[in-house]
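Pasted below: query-v3.txt, compact mmCIF, C-alpha atoms.
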```txt
# COMPACT_ATOMS: atom_id res chain seq x y z
CA MET A 1 40.58 -68.08 14.23
CA ALA A 2 37.34 -67.44 12.31
CA ALA A 3 36.89 -64.18 10.44
CA ARG A 4 34.89 -61.57 12.31
CA GLU A 5 31.69 -59.88 11.20
CA GLU A 6 32.53 -56.78 9.16
CA LEU A 7 30.26 -53.73 9.04
CA VAL A 8 30.95 -51.02 6.47
CA SER A 9 29.82 -47.41 6.76
CA THR A 10 30.34 -44.40 4.50
CA HIS A 11 31.24 -40.95 5.77
CA HIS A 12 31.73 -37.73 3.80
CA LEU A 13 34.52 -35.76 5.42
CA LEU A 14 36.95 -33.16 4.03
CA GLY A 15 35.92 -34.01 0.49
CA SER A 16 36.53 -37.75 0.89
CA GLU A 17 33.99 -40.53 0.60
CA LEU A 18 35.44 -42.40 3.53
CA LYS A 19 34.81 -46.11 4.03
CA VAL A 20 34.98 -47.31 7.62
CA PHE A 21 35.20 -50.99 8.55
CA SER A 22 33.94 -51.99 12.00
CA TYR A 23 34.27 -55.35 13.73
CA PRO A 24 31.88 -55.75 16.69
CA ALA A 25 33.22 -57.57 19.75
CA THR A 26 32.42 -61.27 19.78
CA ALA A 27 33.44 -62.02 23.36
CA ARG A 28 32.94 -60.21 26.66
CA LYS A 29 33.16 -56.57 25.65
CA ARG A 30 36.29 -54.84 26.87
CA GLY A 31 36.14 -51.63 24.85
CA VAL A 32 36.67 -49.94 21.49
CA ILE A 33 39.88 -49.70 19.46
CA PHE A 34 40.15 -47.00 16.78
CA ALA A 35 42.86 -48.11 14.34
CA VAL A 36 44.97 -46.36 11.69
CA HIS A 37 46.62 -48.52 9.02
CA GLY A 38 50.00 -47.96 7.39
CA PHE A 39 51.30 -46.45 4.15
CA ARG A 40 49.97 -47.99 0.91
CA GLY A 41 47.76 -50.33 2.93
CA ASP A 42 44.12 -50.35 3.95
CA HIS A 43 41.98 -52.06 6.59
CA HIS A 44 42.96 -55.52 5.31
CA GLY A 45 46.46 -55.09 6.71
CA LEU A 46 45.22 -55.26 10.30
CA ALA A 47 42.89 -58.23 9.76
CA ARG A 48 45.10 -60.79 11.49
CA ILE A 49 45.42 -58.64 14.59
CA VAL A 50 41.70 -57.77 14.62
CA ALA A 51 40.91 -61.50 14.55
CA GLN A 52 42.96 -61.96 17.74
CA LEU A 53 41.08 -59.26 19.70
CA PRO A 54 37.54 -60.67 20.05
CA GLY A 55 36.81 -58.70 23.21
CA TYR A 56 37.14 -55.36 21.45
CA THR A 57 35.08 -53.59 18.86
CA VAL A 58 37.70 -52.49 16.32
CA ILE A 59 37.07 -49.61 13.90
CA VAL A 60 39.43 -49.25 10.91
CA PRO A 61 38.87 -46.53 8.28
CA ASP A 62 40.60 -46.76 4.92
CA LEU A 63 42.64 -43.55 4.82
CA PRO A 64 41.64 -41.15 2.02
CA GLY A 65 43.35 -42.01 -1.23
CA PHE A 66 43.82 -45.67 -0.29
CA GLY A 67 41.65 -48.75 -0.37
CA ALA A 68 37.95 -47.97 -0.71
CA SER A 69 38.21 -44.31 0.41
CA THR A 70 38.47 -41.55 -2.16
CA PRO A 71 41.05 -38.73 -1.81
CA MET A 72 40.27 -35.75 0.39
CA SER A 73 40.38 -32.10 -0.59
CA GLY A 74 43.35 -31.28 1.64
CA THR A 75 46.91 -32.58 1.61
CA HIS A 76 47.41 -36.28 2.26
CA ASP A 77 49.91 -35.86 5.06
CA VAL A 78 50.01 -36.27 8.83
CA PRO A 79 48.08 -33.06 9.68
CA GLY A 80 45.55 -33.75 6.92
CA TYR A 81 44.85 -37.30 8.02
CA THR A 82 44.75 -36.23 11.66
CA GLU A 83 42.14 -33.56 10.94
CA LEU A 84 40.00 -36.09 9.08
CA LEU A 85 40.28 -38.78 11.76
CA ALA A 86 39.41 -36.27 14.48
CA ALA A 87 36.27 -35.36 12.53
CA LEU A 88 35.46 -39.06 12.07
CA ALA A 89 35.93 -39.74 15.78
CA ASP A 90 33.46 -36.93 16.52
CA GLU A 91 30.97 -38.28 14.00
CA LEU A 92 31.26 -41.78 15.47
CA GLU A 93 30.95 -40.30 18.98
CA LEU A 94 33.95 -42.27 20.16
CA PRO A 95 34.05 -42.36 23.97
CA ARG A 96 37.08 -41.10 25.88
CA SER A 97 37.54 -44.71 26.98
CA ALA A 98 38.40 -45.71 23.39
CA VAL A 99 41.92 -46.93 22.63
CA LEU A 100 43.87 -45.54 19.67
CA LEU A 101 46.04 -47.84 17.54
CA GLY A 102 48.43 -46.94 14.72
CA HIS A 103 50.63 -49.14 12.56
CA SER A 104 53.74 -47.93 10.71
CA PHE A 105 52.88 -44.60 9.02
CA GLY A 106 49.60 -44.82 10.95
CA SER A 107 51.64 -44.64 14.17
CA ILE A 108 52.67 -41.08 13.28
CA VAL A 109 49.09 -40.06 12.49
CA ALA A 110 47.83 -41.72 15.68
CA ALA A 111 50.48 -39.94 17.76
CA GLU A 112 49.42 -36.54 16.46
CA LEU A 113 45.75 -37.40 16.94
CA ALA A 114 46.49 -38.35 20.56
CA THR A 115 47.85 -34.84 21.15
CA GLN A 116 44.47 -33.41 20.08
CA ARG A 117 41.90 -35.81 21.48
CA ASP A 118 41.57 -37.88 24.67
CA PHE A 119 42.05 -41.66 24.48
CA ALA A 120 42.40 -44.23 27.23
CA ALA A 121 45.61 -45.64 25.77
CA LEU A 122 47.81 -45.54 22.68
CA LEU A 123 49.02 -48.65 20.83
CA LEU A 124 51.79 -48.16 18.28
CA LEU A 125 52.81 -51.13 16.12
CA ASN A 126 56.09 -50.86 14.22
CA PRO A 127 56.21 -47.18 15.22
CA ILE A 128 58.28 -44.92 12.98
CA SER A 129 61.04 -44.04 15.43
CA GLU A 130 63.57 -42.37 13.12
CA PRO A 131 63.48 -40.63 9.71
CA ALA A 132 63.80 -43.23 6.94
CA LEU A 133 66.63 -41.34 5.23
CA GLU A 134 68.60 -41.24 8.50
CA SER A 135 67.99 -44.84 9.56
CA SER A 136 70.29 -47.85 9.26
CA GLN A 137 68.49 -48.59 5.99
CA ALA A 138 69.07 -45.15 4.50
CA LEU A 139 70.37 -46.68 1.26
CA LEU A 140 67.20 -48.71 0.77
CA ALA A 141 65.07 -45.68 1.63
CA GLY A 142 67.04 -43.57 -0.83
CA ILE A 143 66.56 -46.12 -3.61
CA THR A 144 62.84 -46.29 -2.86
CA SER A 145 62.58 -42.49 -2.86
CA GLY A 146 64.33 -42.37 -6.21
CA TYR A 147 61.95 -44.96 -7.62
CA TYR A 148 58.95 -42.90 -6.51
CA ARG A 149 60.43 -39.75 -8.04
CA ILE A 150 61.04 -41.48 -11.38
CA CYS A 151 57.52 -42.90 -11.43
CA ALA A 152 56.10 -39.46 -10.67
CA ALA A 153 57.98 -37.95 -13.63
CA LEU A 154 56.83 -40.55 -16.16
CA PRO A 155 53.54 -40.38 -18.10
CA THR A 156 50.61 -41.34 -15.88
CA GLY A 157 49.94 -44.76 -17.36
CA ILE A 158 53.59 -45.83 -17.23
CA GLY A 159 54.29 -44.33 -13.80
CA GLU A 160 51.24 -45.83 -12.10
CA GLY A 161 51.87 -49.13 -13.83
CA LEU A 162 55.37 -49.28 -12.39
CA LEU A 163 54.17 -48.32 -8.91
CA ARG A 164 51.60 -51.12 -9.04
CA SER A 165 53.88 -53.61 -10.75
CA ARG A 166 54.22 -57.09 -9.34
CA MET A 167 58.01 -56.82 -9.61
CA PHE A 168 58.10 -53.80 -7.28
CA THR A 169 55.53 -55.27 -4.89
CA ASP A 170 57.26 -58.66 -4.71
CA SER A 171 60.64 -56.98 -4.20
CA MET A 172 59.30 -55.11 -1.17
CA SER A 173 57.78 -58.31 0.19
CA LEU A 174 61.08 -60.14 -0.27
CA VAL A 175 63.09 -57.46 1.53
CA MET A 176 60.68 -56.94 4.43
CA THR A 177 59.57 -60.51 5.22
CA LYS A 178 61.82 -62.16 7.82
CA SER A 179 59.98 -65.45 8.38
CA GLN A 180 61.40 -68.53 6.68
CA ASP A 181 58.02 -70.28 6.79
CA PRO A 182 56.88 -70.72 3.15
CA ALA A 183 53.22 -70.30 4.12
CA VAL A 184 53.89 -67.01 5.90
CA ARG A 185 56.03 -65.71 3.05
CA ALA A 186 53.31 -66.65 0.55
CA TYR A 187 50.66 -64.91 2.68
CA VAL A 188 52.67 -61.68 2.85
CA ARG A 189 53.35 -61.75 -0.89
CA GLU A 190 49.67 -62.28 -1.73
CA GLN A 191 48.52 -59.57 0.69
CA HIS A 192 50.91 -57.06 -0.87
CA ARG A 193 49.90 -58.08 -4.37
CA ALA A 194 46.22 -57.68 -3.51
CA TYR A 195 46.34 -54.38 -1.59
CA PHE A 196 49.70 -52.61 -2.04
CA GLY A 197 48.48 -51.09 -5.30
CA GLY A 198 45.23 -49.81 -3.84
CA PHE A 199 46.14 -46.13 -4.05
CA HIS A 200 43.95 -43.77 -6.09
CA SER A 201 46.61 -41.69 -7.84
CA ARG A 202 50.31 -40.89 -7.94
CA HIS A 203 49.45 -37.47 -6.47
CA THR A 204 47.93 -38.80 -3.25
CA LEU A 205 50.58 -41.52 -3.03
CA ALA A 206 53.39 -38.98 -3.39
CA GLU A 207 51.94 -36.73 -0.68
CA ALA A 208 51.57 -39.61 1.76
CA TYR A 209 55.02 -40.98 0.93
CA ARG A 210 56.72 -37.65 1.60
CA ALA A 211 54.99 -37.49 4.97
CA SER A 212 55.97 -41.08 5.77
CA ILE A 213 59.71 -40.42 5.36
CA THR A 214 59.92 -36.95 6.93
CA SER A 215 57.87 -37.37 10.13
CA THR A 216 58.31 -39.69 13.11
CA VAL A 217 56.43 -40.52 16.29
CA LEU A 218 59.26 -38.83 18.17
CA ASP A 219 57.89 -35.50 16.92
CA TYR A 220 54.87 -35.99 19.22
CA ALA A 221 55.97 -38.33 22.00
CA PRO A 222 57.18 -35.68 24.50
CA ALA A 223 53.68 -34.16 24.53
CA LEU A 224 51.98 -37.48 25.35
CA ASP A 225 51.61 -38.95 28.82
CA LEU A 226 48.75 -41.41 28.30
CA PRO A 227 49.56 -45.15 28.74
CA THR A 228 51.36 -46.19 25.56
CA LEU A 229 52.44 -49.57 24.22
CA LEU A 230 55.09 -49.83 21.51
CA VAL A 231 55.37 -53.18 19.71
CA ALA A 232 58.35 -53.34 17.36
CA GLY A 233 60.35 -55.89 15.38
CA ALA A 234 63.98 -56.40 16.28
CA GLU A 235 64.86 -56.49 12.56
CA ASP A 236 62.72 -53.54 11.50
CA GLU A 237 64.31 -51.64 8.63
CA LEU A 238 62.44 -48.48 9.63
CA GLY A 239 63.32 -48.42 13.32
CA SER A 240 66.32 -49.97 15.05
CA PRO A 241 65.97 -51.35 18.60
CA ALA A 242 68.05 -48.42 19.89
CA SER A 243 65.77 -45.87 18.23
CA GLN A 244 62.69 -47.66 19.60
CA GLU A 245 64.17 -47.45 23.09
CA ARG A 246 64.79 -43.73 22.64
CA LEU A 247 61.20 -43.33 21.48
CA ARG A 248 59.88 -45.22 24.51
CA ASP A 249 61.86 -42.98 26.83
CA ALA A 250 60.42 -39.85 25.17
CA PHE A 251 56.87 -40.73 26.28
CA GLY A 252 55.59 -39.96 29.73
CA ASP A 253 54.25 -43.50 30.28
CA ALA A 254 55.31 -46.08 27.69
CA ARG A 255 56.30 -49.72 27.46
CA LEU A 256 58.24 -51.34 24.61
CA VAL A 257 57.73 -54.94 23.52
CA MET A 258 60.43 -56.05 21.06
CA LEU A 259 59.57 -59.11 18.98
CA GLU A 260 62.43 -61.24 17.68
CA ASN A 261 62.87 -62.61 14.15
CA VAL A 262 60.56 -60.07 12.56
CA GLY A 263 60.94 -56.65 10.99
CA HIS A 264 58.34 -54.17 9.81
CA LEU A 265 55.58 -56.70 9.21
CA ILE A 266 54.52 -57.76 12.70
CA HIS A 267 50.88 -57.33 11.63
CA TYR A 268 51.40 -60.23 9.21
CA GLU A 269 54.20 -62.33 10.69
CA LYS A 270 53.62 -61.92 14.43
CA ALA A 271 49.93 -61.04 14.69
CA GLU A 272 49.23 -63.48 17.52
CA GLN A 273 52.13 -62.23 19.65
CA THR A 274 51.24 -58.61 18.90
CA ALA A 275 47.61 -59.13 19.89
CA ALA A 276 48.71 -60.91 23.08
CA ALA A 277 50.89 -57.91 23.99
CA ILE A 278 47.97 -55.56 23.33
CA THR A 279 45.53 -57.65 25.38
CA GLY A 280 47.90 -57.95 28.33
CA PHE A 281 48.70 -54.25 28.28
CA LEU A 282 45.08 -53.13 28.13
CA ARG A 283 44.08 -55.49 30.93
CA GLU A 284 46.88 -54.08 33.06
CA ILE A 285 45.73 -50.53 32.31
CA SER A 286 42.16 -51.43 33.31
CA ALA A 287 43.35 -53.03 36.54
CA ARG A 288 45.48 -50.00 37.33
CA ARG A 289 42.51 -47.71 36.74
CA ARG A 290 40.21 -49.81 38.95
CA ALA A 291 42.78 -49.79 41.73
CA ALA A 292 43.11 -46.01 41.49
CA ASP A 293 39.33 -45.57 41.62
CA ALA A 294 39.08 -47.88 44.64
CA SER A 295 41.83 -45.96 46.42
CA ALA A 296 40.10 -42.66 45.71
CA ASN A 297 36.88 -43.96 47.24
```
So, in terms of structure tokens, how does the structure I just supplied come out?
Amino acid sequence: MAAREELVSTHHLLGSELKVFSYPATARKRGVIFAVHGFRGDHHGLARIVAQLPGYTVIVPDLPGFGASTPMSGTHDVPGYTELLAALADELELPRSAVLLGHSFGSIVAAELATQRDFAALLLLNPISEPALESSQALLAGITSGYYRICAALPTGIGEGLLRSRMFTDSMSLVMTKSQDPAVRAYVREQHRAYFGGFHSRHTLAEAYRASITSTVLDYAPALDLPTLLVAGAEDELGSPASQERLRDAFGDARLVMLENVGHLIHYEKAEQTAAAITGFLREISARRRAADASAN
């Protein structure tokens, strides 16, 4: 599918020069999706899914401290990012009919934002359903945490060099990619090489990392009753199928789509299937709403 037109705007919020990437709908307009990317990523990470949603205008800010957005004055954690995104939503005058999407760490931020602002629906991709250090991959999470701590203790040049090193980036790609297709594996590797090192400093990275391993969507799910779609990978290192089912049950109105033969990278490896699940879910929500309106009249 052809790349979509990309519009870039700059917003000054909470001390950050925030870059926002918008993709106008190219087909019959169905609405607006406000999207939050994952840890160590930026708007590029959602490109394959955006390409599969031509009926929606999709808005993806680079979170402060990552990609093209500078750090903010507050702490780079879930409350900090939520405050900034709420301010951005106000500045953009997002309608209440907008849909909120969050991927990975962005799923936690999106869940908190949904407790503070009205959205028509919530889409959570690879939602963080259990604390990393308590998951089935606790050993891997512990090793990664140790690596971050060591890099934080080293002199700046050495520490940041290690965090951006190709060896570390390729190791993460190797562990997380489940597809055996050489082209898919090469795509994931090149995406991580290009954007995984796009953080502004060890300080902002450390703050965001701590938040990513200590918070989960489950912290907010019981307070949410808007229509919610969870799309998860059956082999996700950061959320077992059982934990995703528990998360689904914690929401007031949620559906879980479990994709096989993929882990935490559905936005790369299963973008088409993920977008199809999103499109079907949002169409069903619209039909349900029309039926309710007709019944009321």
Hey, which of A:Ala51, A:Ala275, A:Leu247, A:Ala152 ends up closest to Ala221 (chain A)? Count all atoms listed in the file. A:Leu247
Selection: 8 Å around region 90-105 of chain A, only C-alpha atoms, excl. self and same-chain fewer than 5 positions, as a list in words: Gly31, Val32, Ile33, Phe34, Ala35, Val36, His37, Gly38, Phe39, Ala110, Ala111, Ala114, Asp118, Phe119, Ala120, Ala121, Leu122, Leu123, Leu124, Leu125, Asn126, Pro127, Ile128, Ser212 and His264 of chain A
Atoms to include: C-alpha atoms. Write the selected residues as a tab-separated table (two decimals), in the coordinates of the input.
```
chain	number	residue	atom	x	y	z
A	31	GLY	CA	36.14	-51.63	24.85
A	32	VAL	CA	36.67	-49.94	21.49
A	33	ILE	CA	39.88	-49.70	19.46
A	34	PHE	CA	40.15	-47.00	16.78
A	35	ALA	CA	42.86	-48.11	14.34
A	36	VAL	CA	44.97	-46.36	11.69
A	37	HIS	CA	46.62	-48.52	9.02
A	38	GLY	CA	50.00	-47.96	7.39
A	39	PHE	CA	51.30	-46.45	4.15
A	110	ALA	CA	47.83	-41.72	15.68
A	111	ALA	CA	50.48	-39.94	17.76
A	114	ALA	CA	46.49	-38.35	20.56
A	118	ASP	CA	41.57	-37.88	24.67
A	119	PHE	CA	42.05	-41.66	24.48
A	120	ALA	CA	42.40	-44.23	27.23
A	121	ALA	CA	45.61	-45.64	25.77
A	122	LEU	CA	47.81	-45.54	22.68
A	123	LEU	CA	49.02	-48.65	20.83
A	124	LEU	CA	51.79	-48.16	18.28
A	125	LEU	CA	52.81	-51.13	16.12
A	126	ASN	CA	56.09	-50.86	14.22
A	127	PRO	CA	56.21	-47.18	15.22
A	128	ILE	CA	58.28	-44.92	12.98
A	212	SER	CA	55.97	-41.08	5.77
A	264	HIS	CA	58.34	-54.17	9.81
```
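The residue that comes closest to Arg164 (chain A), out of A:Val58, A:Met176, A:Ala291, A:Leu205 and on the basis of only C-alpha atoms, is A:Leu205.
All residues of protein, DNA or RNA that reach within 7 Å of region 232-244 of chain A, judged by only C-alpha atoms and not counting those fewer than 2 positions away in the chain, are Leu125, Asn126, Pro127, Ile128, Ser129, Glu130, Ala132, Ser135, Gln137, Leu230, Arg246, Leu247, Arg248, Val257, Met258, Leu259, Glu260, Asn261, Val262, Gly263, His264 and Ile266 of chain A.
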Within 10 Å of Asp42 (chain A), counting only C-alpha atoms, which residues show up once you throw out same-chain ones fewer than 4 positions away? Write them as number ranges by chain, please. A: 36-38, 46-47, 60-69, 195-196, 198-199
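Of the residues listed (A:Leu18, A:Ala206, A:Val109, A:Leu229), A:Leu229 shows the shortest atom-to-atom separation from Gly280 (chain A); distances use all atoms listed in the file.
Going from CA of Ala271 (chain A) over to CA of Lys178 (chain A), you cover 13.8 Å.
Taking CA of Arg48 (chain A) and CA of Leu13 (chain A) as the two end points, the separation is 27.8 Å.
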I want to know what sits within 8 Å of Thr204 (chain A), based on only C-alpha atoms, with residues of the same chain fewer than 2 positions away left out; could you give that as a VMD selection string? chain A and resid 65 71 75 to 76 199 to 202 206 to 208
Atoms to include: C-alpha atoms. Write the selected residues as an mmCIF file, in the frame of the given file.
```cif
data_model
loop_
_atom_site.group_PDB
_atom_site.id
_atom_site.type_symbol
_atom_site.label_atom_id
_atom_site.label_comp_id
_atom_site.auth_asym_id
_atom_site.auth_seq_id
_atom_site.Cartn_x
_atom_site.Cartn_y
_atom_site.Cartn_z
ATOM 1 C CA GLY A 65 43.350 -42.010 -1.230
ATOM 2 C CA PRO A 71 41.050 -38.730 -1.810
ATOM 3 C CA THR A 75 46.910 -32.580 1.610
ATOM 4 C CA HIS A 76 47.410 -36.280 2.260
ATOM 5 C CA PHE A 199 46.140 -46.130 -4.050
ATOM 6 C CA HIS A 200 43.950 -43.770 -6.090
ATOM 7 C CA SER A 201 46.610 -41.690 -7.840
ATOM 8 C CA ARG A 202 50.310 -40.890 -7.940
ATOM 9 C CA ALA A 206 53.390 -38.980 -3.390
ATOM 10 C CA GLU A 207 51.940 -36.730 -0.680
ATOM 11 C CA ALA A 208 51.570 -39.610 1.760
#
```
For Gly197 (chain A), which residue among A:Phe168, A:Tyr220, A:Tyr56, A:Tyr23 is the nearest when counting all atoms listed in the file? A:Phe168
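The gap separating CA of Glu5 (chain A) from CA of Ser107 (chain A) is 25.3 Å, in Å to one decimal.
Checking A:Val20, A:Gln191, A:Thr228, A:Tyr81 one by one against His267 (chain A), counting only C-alpha atoms, you find the shortest gap at A:Gln191.
Nearest residue to Ala276 (chain A), choosing from A:Ser16, A:Gln52, A:Ser295, A:Thr10 and counting all atoms listed in the file: A:Gln52.
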Leaving out region 26-29 of chain A and any residue of its chain fewer than 5 positions from it, which residues lie within 9 Å of it when counting all atoms listed in the file, given as a PyMOL selection string? chain A and resi 4-5+53-57
Please output region 233-257 of chain A, rebuilt to include N, CA and C atoms, as a PDB file, in the coordinates of the input.
```pdb
ATOM      1  N   GLY A 233      59.583 -54.724  15.812  1.00  0.00           N
ATOM      2  CA  GLY A 233      60.350 -55.890  15.380  1.00  0.00           C
ATOM      3  C   GLY A 233      61.830 -55.621  15.525  1.00  0.00           C
ATOM      4  N   ALA A 234      62.554 -56.585  16.052  1.00  0.00           N
ATOM      5  CA  ALA A 234      63.980 -56.400  16.280  1.00  0.00           C
ATOM      6  C   ALA A 234      64.760 -56.203  14.985  1.00  0.00           C
ATOM      7  N   GLU A 235      64.186 -56.629  13.855  1.00  0.00           N
ATOM      8  CA  GLU A 235      64.860 -56.490  12.560  1.00  0.00           C
ATOM      9  C   GLU A 235      64.159 -55.478  11.663  1.00  0.00           C
ATOM     10  N   ASP A 236      63.471 -54.535  12.272  1.00  0.00           N
ATOM     11  CA  ASP A 236      62.720 -53.540  11.500  1.00  0.00           C
ATOM     12  C   ASP A 236      63.660 -52.594  10.755  1.00  0.00           C
ATOM     13  N   GLU A 237      63.480 -52.533   9.444  1.00  0.00           N
ATOM     14  CA  GLU A 237      64.310 -51.640   8.630  1.00  0.00           C
ATOM     15  C   GLU A 237      64.035 -50.171   8.909  1.00  0.00           C
ATOM     16  N   LEU A 238      62.844 -49.873   9.439  1.00  0.00           N
ATOM     17  CA  LEU A 238      62.440 -48.480   9.630  1.00  0.00           C
ATOM     18  C   LEU A 238      62.516 -48.036  11.087  1.00  0.00           C
ATOM     19  N   GLY A 239      63.193 -48.818  11.926  1.00  0.00           N
ATOM     20  CA  GLY A 239      63.320 -48.420  13.320  1.00  0.00           C
ATOM     21  C   GLY A 239      64.165 -49.398  14.103  1.00  0.00           C
ATOM     22  N   SER A 240      65.413 -49.075  14.331  1.00  0.00           N
ATOM     23  CA  SER A 240      66.320 -49.970  15.050  1.00  0.00           C
ATOM     24  C   SER A 240      65.883 -50.112  16.502  1.00  0.00           C
ATOM     25  N   PRO A 241      66.287 -51.203  17.178  1.00  0.00           N
ATOM     26  CA  PRO A 241      65.970 -51.350  18.600  1.00  0.00           C
ATOM     27  C   PRO A 241      66.402 -50.137  19.427  1.00  0.00           C
ATOM     28  N   ALA A 242      67.579 -49.574  19.134  1.00  0.00           N
ATOM     29  CA  ALA A 242      68.050 -48.420  19.890  1.00  0.00           C
ATOM     30  C   ALA A 242      67.128 -47.218  19.699  1.00  0.00           C
ATOM     31  N   SER A 243      66.660 -47.008  18.475  1.00  0.00           N
ATOM     32  CA  SER A 243      65.770 -45.870  18.230  1.00  0.00           C
ATOM     33  C   SER A 243      64.408 -46.104  18.868  1.00  0.00           C
ATOM     34  N   GLN A 244      63.964 -47.368  18.929  1.00  0.00           N
ATOM     35  CA  GLN A 244      62.690 -47.660  19.600  1.00  0.00           C
ATOM     36  C   GLN A 244      62.810 -47.421  21.108  1.00  0.00           C
ATOM     37  N   GLU A 245      63.961 -47.721  21.667  1.00  0.00           N
ATOM     38  CA  GLU A 245      64.170 -47.450  23.090  1.00  0.00           C
ATOM     39  C   GLU A 245      64.185 -45.950  23.369  1.00  0.00           C
ATOM     40  N   ARG A 246      64.802 -45.187  22.482  1.00  0.00           N
ATOM     41  CA  ARG A 246      64.790 -43.730  22.640  1.00  0.00           C
ATOM     42  C   ARG A 246      63.357 -43.194  22.540  1.00  0.00           C
ATOM     43  N   LEU A 247      62.596 -43.755  21.628  1.00  0.00           N
ATOM     44  CA  LEU A 247      61.200 -43.330  21.480  1.00  0.00           C
ATOM     45  C   LEU A 247      60.407 -43.652  22.739  1.00  0.00           C
ATOM     46  N   ARG A 248      60.574 -44.857  23.264  1.00  0.00           N
ATOM     47  CA  ARG A 248      59.880 -45.220  24.510  1.00  0.00           C
ATOM     48  C   ARG A 248      60.195 -44.243  25.614  1.00  0.00           C
ATOM     49  N   ASP A 249      61.442 -43.875  25.746  1.00  0.00           N
ATOM     50  CA  ASP A 249      61.860 -42.980  26.830  1.00  0.00           C
ATOM     51  C   ASP A 249      61.331 -41.563  26.649  1.00  0.00           C
ATOM     52  N   ALA A 250      60.928 -41.210  25.424  1.00  0.00           N
ATOM     53  CA  ALA A 250      60.420 -39.850  25.170  1.00  0.00           C
ATOM     54  C   ALA A 250      58.980 -39.680  25.629  1.00  0.00           C
ATOM     55  N   PHE A 251      58.255 -40.791  25.796  1.00  0.00           N
ATOM     56  CA  PHE A 251      56.870 -40.730  26.280  1.00  0.00           C
ATOM     57  C   PHE A 251      56.853 -40.573  27.796  1.00  0.00           C
ATOM     58  N   GLY A 252      55.733 -40.076  28.295  1.00  0.00           N
ATOM     59  CA  GLY A 252      55.590 -39.960  29.730  1.00  0.00           C
ATOM     60  C   GLY A 252      55.313 -41.281  30.408  1.00  0.00           C
ATOM     61  N   ASP A 253      54.652 -42.231  29.679  1.00  0.00           N
ATOM     62  CA  ASP A 253      54.250 -43.500  30.280  1.00  0.00           C
ATOM     63  C   ASP A 253      54.170 -44.547  29.166  1.00  0.00           C
ATOM     64  N   ALA A 254      55.292 -45.157  28.830  1.00  0.00           N
ATOM     65  CA  ALA A 254      55.310 -46.080  27.690  1.00  0.00           C
ATOM     66  C   ALA A 254      56.064 -47.359  28.017  1.00  0.00           C
ATOM     67  N   ARG A 255      55.639 -48.422  27.355  1.00  0.00           N
ATOM     68  CA  ARG A 255      56.300 -49.720  27.460  1.00  0.00           C
ATOM     69  C   ARG A 255      56.642 -50.189  26.056  1.00  0.00           C
ATOM     70  N   LEU A 256      57.795 -50.820  25.907  1.00  0.00           N
ATOM     71  CA  LEU A 256      58.240 -51.340  24.610  1.00  0.00           C
ATOM     72  C   LEU A 256      58.302 -52.855  24.661  1.00  0.00           C
ATOM     73  N   VAL A 257      57.631 -53.489  23.714  1.00  0.00           N
ATOM     74  CA  VAL A 257      57.730 -54.940  23.520  1.00  0.00           C
ATOM     75  C   VAL A 257      58.461 -55.162  22.206  1.00  0.00           C
TER      76      VAL A 257
END
```
